[in-house]
>>> print(open('query.pdb').read())   # PDB, C-alpha atoms
ATOM      1  CA  MET A 978      41.943 -61.049-129.814
ATOM      2  CA  ILE A 979      45.538 -62.180-130.259
ATOM      3  CA  ARG A 980      47.613 -61.818-133.407
ATOM      4  CA  VAL A 981      51.308 -62.604-133.865
ATOM      5  CA  GLN A 982      52.360 -61.534-137.324
ATOM      6  CA  ARG A 983      55.173 -60.296-139.515
ATOM      7  CA  GLU A 984      53.035 -57.586-141.178
ATOM      8  CA  ASP A 985      52.327 -54.097-139.895
ATOM      9  CA  PHE A 986      48.879 -53.183-138.558
ATOM     10  CA  ASP A 987      46.660 -50.110-138.687
ATOM     11  CA  VAL A 988      46.079 -48.747-135.190
ATOM     12  CA  GLY A 989      42.874 -46.869-136.031
ATOM     13  CA  THR A 990      41.276 -49.850-137.712
ATOM     14  CA  GLU A 991      42.157 -52.194-134.881
ATOM     15  CA  LEU A 992      40.895 -49.860-132.145
ATOM     16  CA  ALA A 993      37.670 -49.130-134.007
ATOM     17  CA  LYS A 994      36.943 -52.869-134.093
ATOM     18  CA  LEU A 995      36.951 -52.982-130.283
ATOM     19  CA  ALA A 996      33.781 -50.909-130.090
ATOM     20  CA  ALA A 997      32.160 -51.878-133.378
ATOM     21  CA  GLY A 998      28.503 -52.678-132.784
ATOM     22  CA  ASN A 999      28.813 -52.332-129.016
ATOM     23  CA  HIS A1000      27.402 -49.094-127.678
ATOM     24  CA  GLN A1001      28.140 -50.083-124.081
ATOM     25  CA  VAL A1002      31.800 -49.244-124.708
ATOM     26  CA  GLY A1003      32.585 -45.864-123.167
ATOM     27  CA  GLY A1004      36.312 -45.754-123.739
ATOM     28  CA  ILE A1005      39.248 -47.402-125.446
ATOM     29  CA  ALA A1006      42.816 -47.325-124.125
ATOM     30  CA  SER A1007      45.803 -48.276-126.237
ATOM     31  CA  PHE A1008      49.537 -48.756-126.122
ATOM     32  CA  VAL A1009      51.652 -48.827-129.285
ATOM     33  CA  GLY A1010      55.257 -49.969-128.968
ATOM     34  CA  LEU A1011      57.750 -48.719-131.563
ATOM     35  CA  VAL A1012      61.312 -49.634-132.500
ATOM     36  CA  ARG A1013      63.511 -47.018-130.872
ATOM     37  CA  ASP A1014      66.724 -46.023-132.633
ATOM     38  CA  ILE A1015      69.589 -46.951-130.307
ATOM     39  CA  ALA A1016      72.402 -45.824-132.632
ATOM     40  CA  PRO A1017      74.228 -42.675-131.435
ATOM     41  CA  LYS A1018      72.662 -39.532-132.899
ATOM     42  CA  ASP A1019      75.903 -38.428-134.587
ATOM     43  CA  SER A1020      76.702 -41.848-136.052
ATOM     44  CA  GLY A1021      74.464 -41.368-139.063
ATOM     45  CA  ALA A1022      73.450 -44.994-138.645
ATOM     46  CA  GLU A1023      70.049 -46.416-137.843
ATOM     47  CA  SER A1024      69.667 -49.480-135.679
ATOM     48  CA  ALA A1025      67.199 -52.093-136.872
ATOM     49  CA  MET A1026      66.176 -55.105-134.821
ATOM     50  CA  THR A1027      64.928 -58.610-135.361
ATOM     51  CA  LEU A1028      62.230 -60.080-133.162
ATOM     52  CA  GLU A1029      62.241 -63.818-132.646
ATOM     53  CA  HIS A1030      59.344 -65.699-131.061
ATOM     54  CA  TYR A1031      58.238 -69.196-130.107
ATOM     55  CA  PRO A1032      55.345 -70.038-132.445
ATOM     56  CA  GLY A1033      52.628 -71.758-130.471
ATOM     57  CA  MET A1034      53.765 -70.808-126.995
ATOM     58  CA  THR A1035      53.754 -67.091-127.789
ATOM     59  CA  GLU A1036      50.112 -67.159-128.844
ATOM     60  CA  LYS A1037      49.230 -69.382-125.893
ATOM     61  CA  ARG A1038      50.859 -67.078-123.336
ATOM     62  CA  LEU A1039      49.285 -63.986-124.894
ATOM     63  CA  ALA A1040      45.857 -65.618-124.749
ATOM     64  CA  GLU A1041      46.395 -66.448-121.070
ATOM     65  CA  ILE A1042      47.481 -62.885-120.294
ATOM     66  CA  GLU A1043      44.454 -61.544-122.142
ATOM     67  CA  ALA A1044      42.137 -63.893-120.234
ATOM     68  CA  GLU A1045      43.667 -62.688-116.953
ATOM     69  CA  ALA A1046      42.869 -59.064-117.884
ATOM     70  CA  HIS A1047      39.257 -60.049-118.561
ATOM     71  CA  ARG A1048      39.091 -61.729-115.136
ATOM     72  CA  ARG A1049      40.381 -58.599-113.392
ATOM     73  CA  TRP A1050      38.465 -55.848-115.222
ATOM     74  CA  PRO A1051      35.043 -55.571-116.859
ATOM     75  CA  LEU A1052      36.244 -55.388-120.461
ATOM     76  CA  ALA A1053      34.097 -55.387-123.567
ATOM     77  CA  ALA A1054      36.942 -56.293-125.904
ATOM     78  CA  THR A1055      40.734 -56.434-126.066
ATOM     79  CA  VAL A1056      43.326 -56.737-128.801
ATOM     80  CA  ILE A1057      47.004 -57.686-128.646
ATOM     81  CA  ILE A1058      48.995 -57.616-131.881
ATOM     82  CA  HIS A1059      52.726 -58.336-131.736
ATOM     83  CA  ARG A1060      55.024 -58.406-134.734
ATOM     84  CA  TYR A1061      58.119 -60.518-135.373
ATOM     85  CA  GLY A1062      60.893 -60.461-137.963
ATOM     86  CA  ARG A1063      63.155 -57.559-138.916
ATOM     87  CA  LEU A1064      61.923 -54.086-137.976
ATOM     88  CA  GLU A1065      63.376 -50.620-138.575
ATOM     89  CA  PRO A1066      63.418 -47.658-136.170
ATOM     90  CA  GLY A1067      59.957 -46.108-136.044
ATOM     91  CA  ASP A1068      58.218 -49.349-137.005
ATOM     92  CA  ARG A1069      55.343 -50.510-134.859
ATOM     93  CA  ILE A1070      56.131 -53.603-132.742
ATOM     94  CA  VAL A1071      53.098 -54.121-130.573
ATOM     95  CA  LEU A1072      49.551 -52.890-130.060
ATOM     96  CA  VAL A1073      47.533 -53.390-126.905
ATOM     97  CA  GLY A1074      43.969 -52.079-126.981
ATOM     98  CA  THR A1075      41.304 -52.378-124.299
ATOM     99  CA  ALA A1076      37.660 -51.310-124.440
ATOM    100  CA  SER A1077      35.345 -50.942-121.459
ATOM    101  CA  SER A1078      32.313 -49.017-120.259
ATOM    102  CA  HIS A1079      34.583 -46.879-118.085
ATOM    103  CA  ARG A1080      38.023 -45.420-118.455
ATOM    104  CA  GLU A1081      39.604 -46.867-115.294
ATOM    105  CA  ALA A1082      39.157 -50.435-116.480
ATOM    106  CA  ALA A1083      40.404 -49.607-119.964
ATOM    107  CA  LEU A1084      43.485 -47.660-118.823
ATOM    108  CA  GLU A1085      44.503 -50.006-116.004
ATOM    109  CA  SER A1086      44.062 -53.196-118.020
ATOM    110  CA  CYS A1087      46.035 -51.723-120.918
ATOM    111  CA  ALA A1088      48.998 -51.000-118.602
ATOM    112  CA  PHE A1089      48.630 -54.453-117.047
ATOM    113  CA  LEU A1090      48.678 -56.175-120.436
ATOM    114  CA  ILE A1091      51.820 -54.480-121.720
ATOM    115  CA  ASP A1092      53.627 -54.976-118.388
ATOM    116  CA  TRP A1093      52.785 -58.681-118.299
ATOM    117  CA  LEU A1094      53.445 -59.192-121.971
ATOM    118  CA  LYS A1095      56.971 -57.825-121.616
ATOM    119  CA  THR A1096      57.932 -60.409-119.014
ATOM    120  CA  GLU A1097      55.754 -63.379-120.015
ATOM    121  CA  ALA A1098      55.404 -63.602-123.784
ATOM    122  CA  PRO A1099      58.287 -65.465-125.478
ATOM    123  CA  PHE A1100      59.801 -62.807-127.733
ATOM    124  CA  TRP A1101      63.487 -61.914-128.013
ATOM    125  CA  LYS A1102      64.966 -58.787-129.560
ATOM    126  CA  LEU A1103      68.229 -58.851-131.485
ATOM    127  CA  GLU A1104      69.475 -55.286-131.997
ATOM    128  CA  GLU A1105      71.763 -54.354-134.854
ATOM    129  CA  GLY A1106      74.126 -51.803-133.331
ATOM    130  CA  PRO A1107      77.289 -50.141-134.638
ATOM    131  CA  GLU A1108      79.347 -52.991-133.095
ATOM    132  CA  GLY A1109      77.250 -55.767-134.551
ATOM    133  CA  ALA A1110      74.126 -57.608-133.469
ATOM    134  CA  LYS A1111      73.372 -57.952-129.774
ATOM    135  CA  TRP A1112      70.564 -59.710-127.902
ATOM    136  CA  VAL A1113      68.633 -57.295-125.712
ATOM    137  CA  GLU A1114      68.876 -58.202-122.028
ATOM    138  CA  ALA A1115      65.803 -58.445-119.846
ATOM    139  CA  ARG A1116      65.433 -55.565-117.419
ATOM    140  CA  SER A1117      64.726 -56.086-113.740
ATOM    141  CA  SER A1118      62.543 -52.946-113.801
ATOM    142  CA  ASP A1119      60.205 -54.825-116.157
ATOM    143  CA  ASP A1120      59.973 -57.711-113.689
ATOM    144  CA  ALA A1121      59.233 -55.226-110.897
ATOM    145  CA  ARG A1122      56.393 -53.679-112.908
ATOM    146  CA  LYS A1123      54.885 -57.093-113.460
ATOM    147  CA  GLU A1124      55.246 -58.042-109.791
ATOM    148  CA  ALA A1125      53.396 -54.856-108.796
ATOM    149  CA  TRP A1126      50.279 -56.188-110.548
ATOM    150  CA  LYS A1127      50.210 -59.269-108.300
ATOM    151  CA  LYS A1128      48.937 -57.172-105.406
TER     152      LYS A1128
ATOM    153  CA  MET B 564      62.096 -85.655-126.614
ATOM    154  CA  LYS B 565      61.860 -82.572-128.798
ATOM    155  CA  LEU B 566      64.254 -79.774-127.788
ATOM    156  CA  LEU B 567      63.821 -76.185-128.997
ATOM    157  CA  TYR B 568      66.387 -73.410-128.546
ATOM    158  CA  PHE B 569      65.772 -69.685-128.956
ATOM    159  CA  ALA B 570      67.754 -66.435-129.201
ATOM    160  CA  TRP B 571      71.384 -66.729-128.011
ATOM    161  CA  LEU B 572      70.834 -70.271-126.766
ATOM    162  CA  ARG B 573      70.022 -71.243-130.345
ATOM    163  CA  GLN B 574      73.122 -69.438-131.625
ATOM    164  CA  LYS B 575      75.463 -70.930-129.023
ATOM    165  CA  ILE B 576      74.151 -74.474-129.387
ATOM    166  CA  GLY B 577      74.149 -74.054-133.155
ATOM    167  CA  LYS B 578      70.678 -75.337-133.986
ATOM    168  CA  ALA B 579      67.054 -74.327-133.493
ATOM    169  CA  GLU B 580      65.692 -77.758-132.611
ATOM    170  CA  GLU B 581      66.478 -81.429-132.373
ATOM    171  CA  THR B 582      64.934 -84.678-131.216
ATOM    172  CA  LEU B 583      66.996 -86.542-128.633
ATOM    173  CA  ASP B 584      66.755 -89.898-126.909
ATOM    174  CA  VAL B 585      67.230 -88.871-123.308
ATOM    175  CA  PRO B 586      68.739 -91.452-120.907
ATOM    176  CA  PRO B 587      66.357 -92.944-118.318
ATOM    177  CA  HIS B 588      68.003 -91.243-115.320
ATOM    178  CA  VAL B 589      66.901 -87.850-116.665
ATOM    179  CA  LYS B 590      63.562 -87.285-114.960
ATOM    180  CA  GLU B 591      63.552 -83.563-114.190
ATOM    181  CA  VAL B 592      64.397 -80.315-115.986
ATOM    182  CA  GLY B 593      67.549 -79.763-113.920
ATOM    183  CA  GLN B 594      68.816 -83.252-114.769
ATOM    184  CA  LEU B 595      68.051 -82.625-118.425
ATOM    185  CA  LEU B 596      70.161 -79.436-118.398
ATOM    186  CA  ASP B 597      73.031 -81.321-116.699
ATOM    187  CA  TRP B 598      72.848 -84.053-119.312
ATOM    188  CA  LEU B 599      72.670 -81.587-122.214
ATOM    189  CA  GLU B 600      75.819 -79.879-120.898
ATOM    190  CA  SER B 601      77.670 -83.173-121.312
ATOM    191  CA  LEU B 602      76.822 -83.382-125.030
ATOM    192  CA  GLY B 603      79.537 -80.966-126.125
ATOM    193  CA  PRO B 604      81.293 -77.656-125.536
ATOM    194  CA  ASN B 605      78.589 -75.739-127.439
ATOM    195  CA  TYR B 606      75.941 -77.008-125.005
ATOM    196  CA  ALA B 607      78.195 -76.437-122.002
ATOM    197  CA  THR B 608      78.846 -72.836-123.056
ATOM    198  CA  ALA B 609      75.185 -72.129-123.775
ATOM    199  CA  LEU B 610      73.981 -73.570-120.460
ATOM    200  CA  LYS B 611      76.818 -72.297-118.278
ATOM    201  CA  GLU B 612      74.858 -69.421-116.836
ATOM    202  CA  ARG B 613      71.881 -71.359-115.548
ATOM    203  CA  ARG B 614      70.185 -68.317-114.103
ATOM    204  CA  ALA B 615      69.762 -66.950-117.613
ATOM    205  CA  VAL B 616      68.167 -70.129-118.968
ATOM    206  CA  LYS B 617      64.367 -70.281-118.878
ATOM    207  CA  VAL B 618      62.599 -73.555-119.540
ATOM    208  CA  ALA B 619      59.173 -74.355-120.959
ATOM    209  CA  VAL B 620      57.791 -77.894-121.071
ATOM    210  CA  ASN B 621      54.945 -78.343-123.530
ATOM    211  CA  GLN B 622      54.768 -74.546-123.838
ATOM    212  CA  ASP B 623      54.356 -73.814-120.114
ATOM    213  CA  TYR B 624      57.016 -72.140-117.973
ATOM    214  CA  VAL B 625      58.447 -74.629-115.460
ATOM    215  CA  GLY B 626      61.084 -74.818-112.754
ATOM    216  CA  LEU B 627      64.123 -77.084-112.469
ATOM    217  CA  THR B 628      62.277 -79.842-110.606
ATOM    218  CA  HIS B 629      59.487 -80.147-113.170
ATOM    219  CA  PRO B 630      59.318 -83.699-114.589
ATOM    220  CA  VAL B 631      60.301 -84.390-118.193
ATOM    221  CA  LYS B 632      59.571 -87.479-120.268
ATOM    222  CA  SER B 633      59.992 -88.675-123.819
ATOM    223  CA  GLY B 634      57.463 -87.056-126.103
ATOM    224  CA  ASP B 635      57.674 -83.732-124.271
ATOM    225  CA  GLU B 636      58.454 -80.508-126.111
ATOM    226  CA  VAL B 637      61.135 -78.787-124.059
ATOM    227  CA  ALA B 638      62.202 -75.246-124.954
ATOM    228  CA  LEU B 639      65.267 -73.442-123.587
ATOM    229  CA  PHE B 640      65.567 -69.683-123.923
ATOM    230  CA  PRO B 641      66.854 -66.509-122.244
ATOM    231  CA  PRO B 642      64.552 -64.137-120.319
ATOM    232  CA  VAL B 643      62.039 -62.661-122.743
ATOM    233  CA  THR B 644      62.393 -59.142-124.153
ATOM    234  CA  GLY B 645      59.291 -58.467-126.269
ATOM    235  CA  GLY B 646      56.842 -55.603-126.132
TER     236      GLY B 646
END
>>> encode(input="query.pdb", output="structure tokens")
Amino acid sequence: MIRVQREDFDVGTELAKLAAGNHQVGGIASFVGLVRDIAPKDSGAESAMTLEHYPGMTEKRLAEIEAEAHRRWPLAATVIIHRYGRLEPGDRIVLVGTASSHREAALESCAFLIDWLKTEAPFWKLEEGPEGAKWVEARSSDDARKEAWKK
Amino acid sequence: MKLLYFAWLRQKIGKAEETLDVPPHVKEVGQLLDWLESLGPNYATALKERRAVKVAVNQDYVGLTHPVKSGDEVALFPPVTGG
């Protein structure tokens, strides 16, 4: 299931849904991404960020990434929730949850989903730092992590 | 053709979207970017670093030789940074 929303989400509720009514599920893996405070510790400031997305394409790409995970692993259910709008340090940004009969499929597909999402889903982060707002630059290490899954 | 701009491309060009009548010689993404650059200094500045400009046509990632036609939704944006 894909959700792109401004509102927060409850991790426990969302993960519980993955196994609800399905006793073949033996394990659930999850990744929760949070807004990290990038302001210097002694500055007394907190750095918020704003997440922009491409309505329509974002959901479409996430659905494609999710479908790819289901092709690669025997998954009972998956959830991807990604927020947009202004978020404060400590706020949840993203949830990836994967449920399977066995832990390998759940853990591996969860890592796959967050790695692919970071390089494929059209989201952009604008960080509010001490010197003003700055667009976060894509990291080549993220591309490398995604490439590793092509093998 | 509907053009959409995101993140710093939107800020540099100065608008989030517009509908443009693209001249007939513009048949591919690369030609579209060249033509957009000629529309004004804001476009030229935004598109200067081509390597940093990703393109989606009708919500699919495409390369510079992908065809474009009137009626397409073409989005220009920097490399994505979600998650």
>>> resolve_selection(input="query.pdb", expression="the ChimeraX specification (/B :<12) & /A", output="ChimeraX atom specification")
/A:981,1008-1013,1026-1039,1041,1057-1062,1069-1073,1088,1090-1104,1110-1117,1119-1120
>>> closest_residue(input="query.pdb", among="A:Glu1045, A:Ile979, A:Val1002, A:Phe1089", to="Glu1124 (chain A)", atoms="all atoms listed in the file")
A:Phe1089
>>> resolve_selection(input="query.pdb", expression="the PyMOL selection byres ((chain B and resi 625) around 12)", output="PyMOL selection string")
chain B and resi 591-593+616-624+626-631+637-639
>>> write_last_selection(input="query.pdb", atoms="C-alpha atoms", output="JSON list (two decimals), keeping the file's coordinate frame")
[["chain", "number", "residue", "atom", "x", "y", "z"],
["B", 591, "GLU", "CA", 63.55, -83.56, -114.19],
["B", 592, "VAL", "CA", 64.40, -80.32, -115.99],
["B", 593, "GLY", "CA", 67.55, -79.76, -113.92],
["B", 616, "VAL", "CA", 68.17, -70.13, -118.97],
["B", 617, "LYS", "CA", 64.37, -70.28, -118.88],
["B", 618, "VAL", "CA", 62.60, -73.56, -119.54],
["B", 619, "ALA", "CA", 59.17, -74.36, -120.96],
["B", 620, "VAL", "CA", 57.79, -77.89, -121.07],
["B", 621, "ASN", "CA", 54.94, -78.34, -123.53],
["B", 622, "GLN", "CA", 54.77, -74.55, -123.84],
["B", 623, "ASP", "CA", 54.36, -73.81, -120.11],
["B", 624, "TYR", "CA", 57.02, -72.14, -117.97],
["B", 626, "GLY", "CA", 61.08, -74.82, -112.75],
["B", 627, "LEU", "CA", 64.12, -77.08, -112.47],
["B", 628, "THR", "CA", 62.28, -79.84, -110.61],
["B", 629, "HIS", "CA", 59.49, -80.15, -113.17],
["B", 630, "PRO", "CA", 59.32, -83.70, -114.59],
["B", 631, "VAL", "CA", 60.30, -84.39, -118.19],
["B", 637, "VAL", "CA", 61.14, -78.79, -124.06],
["B", 638, "ALA", "CA", 62.20, -75.25, -124.95],
["B", 639, "LEU", "CA", 65.27, -73.44, -123.59]]
>>> atom_distance(input="query.pdb", atom1="CA of Leu610 (chain B)", atom2="CA of Glu1108 (chain A)")
24.7 Å
>>> resolve_selection(input="query.pdb", expression="the PyMOL selection byres ((chain B and resi 634) around 10)", output="list in words")
Met564, Lys565, Thr582, Leu583, Asp584, Asn621, Val631, Lys632, Ser633, Asp635, Glu636 and Val637 of chain B
>>> atom_distance(input="query.pdb", atom1="CA of Arg1049 (chain A)", atom2="CA of Ser1118 (chain A)")
22.9 Å
>>> atom_distance(input="query.pdb", atom1="CA of Ala1054 (chain A)", atom2="CA of Ala1076 (chain A)")
5.2 Å
>>> axis_aligned_box(input="query.pdb", around="region 1104-1121 of chain A", padding_each_side="6 Å", output="JSON")
{"center_x": 69.3, "center_y": -54.9, "center_z": -122.9, "size_x": 32.1, "size_y": 21.6, "size_z": 36.0}
>>> residues_around(input="query.pdb", residues="Pro604 (chain B)", least_positions_apart="6", cutoff="12 Å", atoms="only C-alpha atoms", output="VMD selection string")
chain B and resid 575 to 577 610 to 611
>>> residues_around(input="query.pdb", residues="Lys994 (chain A)", least_positions_apart="2", cutoff="12 Å", atoms="only C-alpha atoms", output="number ranges by chain")
A: 978, 987-992, 996-999, 1002, 1005, 1053-1056, 1074-1076
>>> build_atoms(input="query.pdb", residues="region 611-630 of chain B", atoms="N, CA and C atoms", output="compact mmCIF listing (two decimals), keeping the file's coordinate frame")
# COMPACT_ATOMS: atom_id res chain seq x y z
N LYS B 611 75.94 -72.60 -119.41
CA LYS B 611 76.82 -72.30 -118.28
C LYS B 611 76.13 -71.40 -117.25
N GLU B 612 75.51 -70.34 -117.76
CA GLU B 612 74.86 -69.42 -116.84
C GLU B 612 73.39 -69.83 -116.65
N ARG B 613 73.20 -70.75 -115.72
CA ARG B 613 71.88 -71.36 -115.55
C ARG B 613 70.77 -70.36 -115.22
N ARG B 614 71.16 -69.32 -114.51
CA ARG B 614 70.18 -68.32 -114.10
C ARG B 614 69.52 -67.66 -115.32
N ALA B 615 70.25 -67.63 -116.41
CA ALA B 615 69.76 -66.95 -117.61
C ALA B 615 69.03 -67.90 -118.55
N VAL B 616 68.83 -69.15 -118.11
CA VAL B 616 68.17 -70.13 -118.97
C VAL B 616 66.76 -70.39 -118.44
N LYS B 617 65.76 -70.01 -119.22
CA LYS B 617 64.37 -70.28 -118.88
C LYS B 617 63.94 -71.55 -119.60
N VAL B 618 63.03 -72.29 -118.97
CA VAL B 618 62.60 -73.56 -119.54
C VAL B 618 61.07 -73.61 -119.65
N ALA B 619 60.60 -74.07 -120.79
CA ALA B 619 59.17 -74.36 -120.96
C ALA B 619 59.02 -75.82 -121.36
N VAL B 620 58.12 -76.52 -120.69
CA VAL B 620 57.79 -77.89 -121.07
C VAL B 620 56.37 -77.89 -121.61
N ASN B 621 56.24 -78.36 -122.84
CA ASN B 621 54.94 -78.34 -123.53
C ASN B 621 54.31 -76.96 -123.48
N GLN B 622 55.17 -75.94 -123.68
CA GLN B 622 54.77 -74.55 -123.84
C GLN B 622 54.28 -73.89 -122.55
N ASP B 623 54.62 -74.47 -121.40
CA ASP B 623 54.36 -73.81 -120.11
C ASP B 623 55.68 -73.59 -119.39
N TYR B 624 55.82 -72.40 -118.78
CA TYR B 624 57.02 -72.14 -117.97
C TYR B 624 57.08 -73.13 -116.82
N VAL B 625 58.29 -73.68 -116.57
CA VAL B 625 58.45 -74.63 -115.46
C VAL B 625 59.75 -74.35 -114.72
N GLY B 626 59.86 -74.92 -113.54
CA GLY B 626 61.08 -74.82 -112.75
C GLY B 626 61.96 -76.04 -112.96
N LEU B 627 63.11 -76.04 -112.26
CA LEU B 627 64.12 -77.08 -112.47
C LEU B 627 63.69 -78.47 -112.00
N THR B 628 62.70 -78.53 -111.12
CA THR B 628 62.28 -79.84 -110.61
C THR B 628 61.06 -80.38 -111.36
N HIS B 629 60.63 -79.67 -112.38
CA HIS B 629 59.49 -80.15 -113.17
C HIS B 629 59.87 -81.44 -113.89
N PRO B 630 58.98 -82.44 -113.90
CA PRO B 630 59.32 -83.70 -114.59
C PRO B 630 59.37 -83.55 -116.11
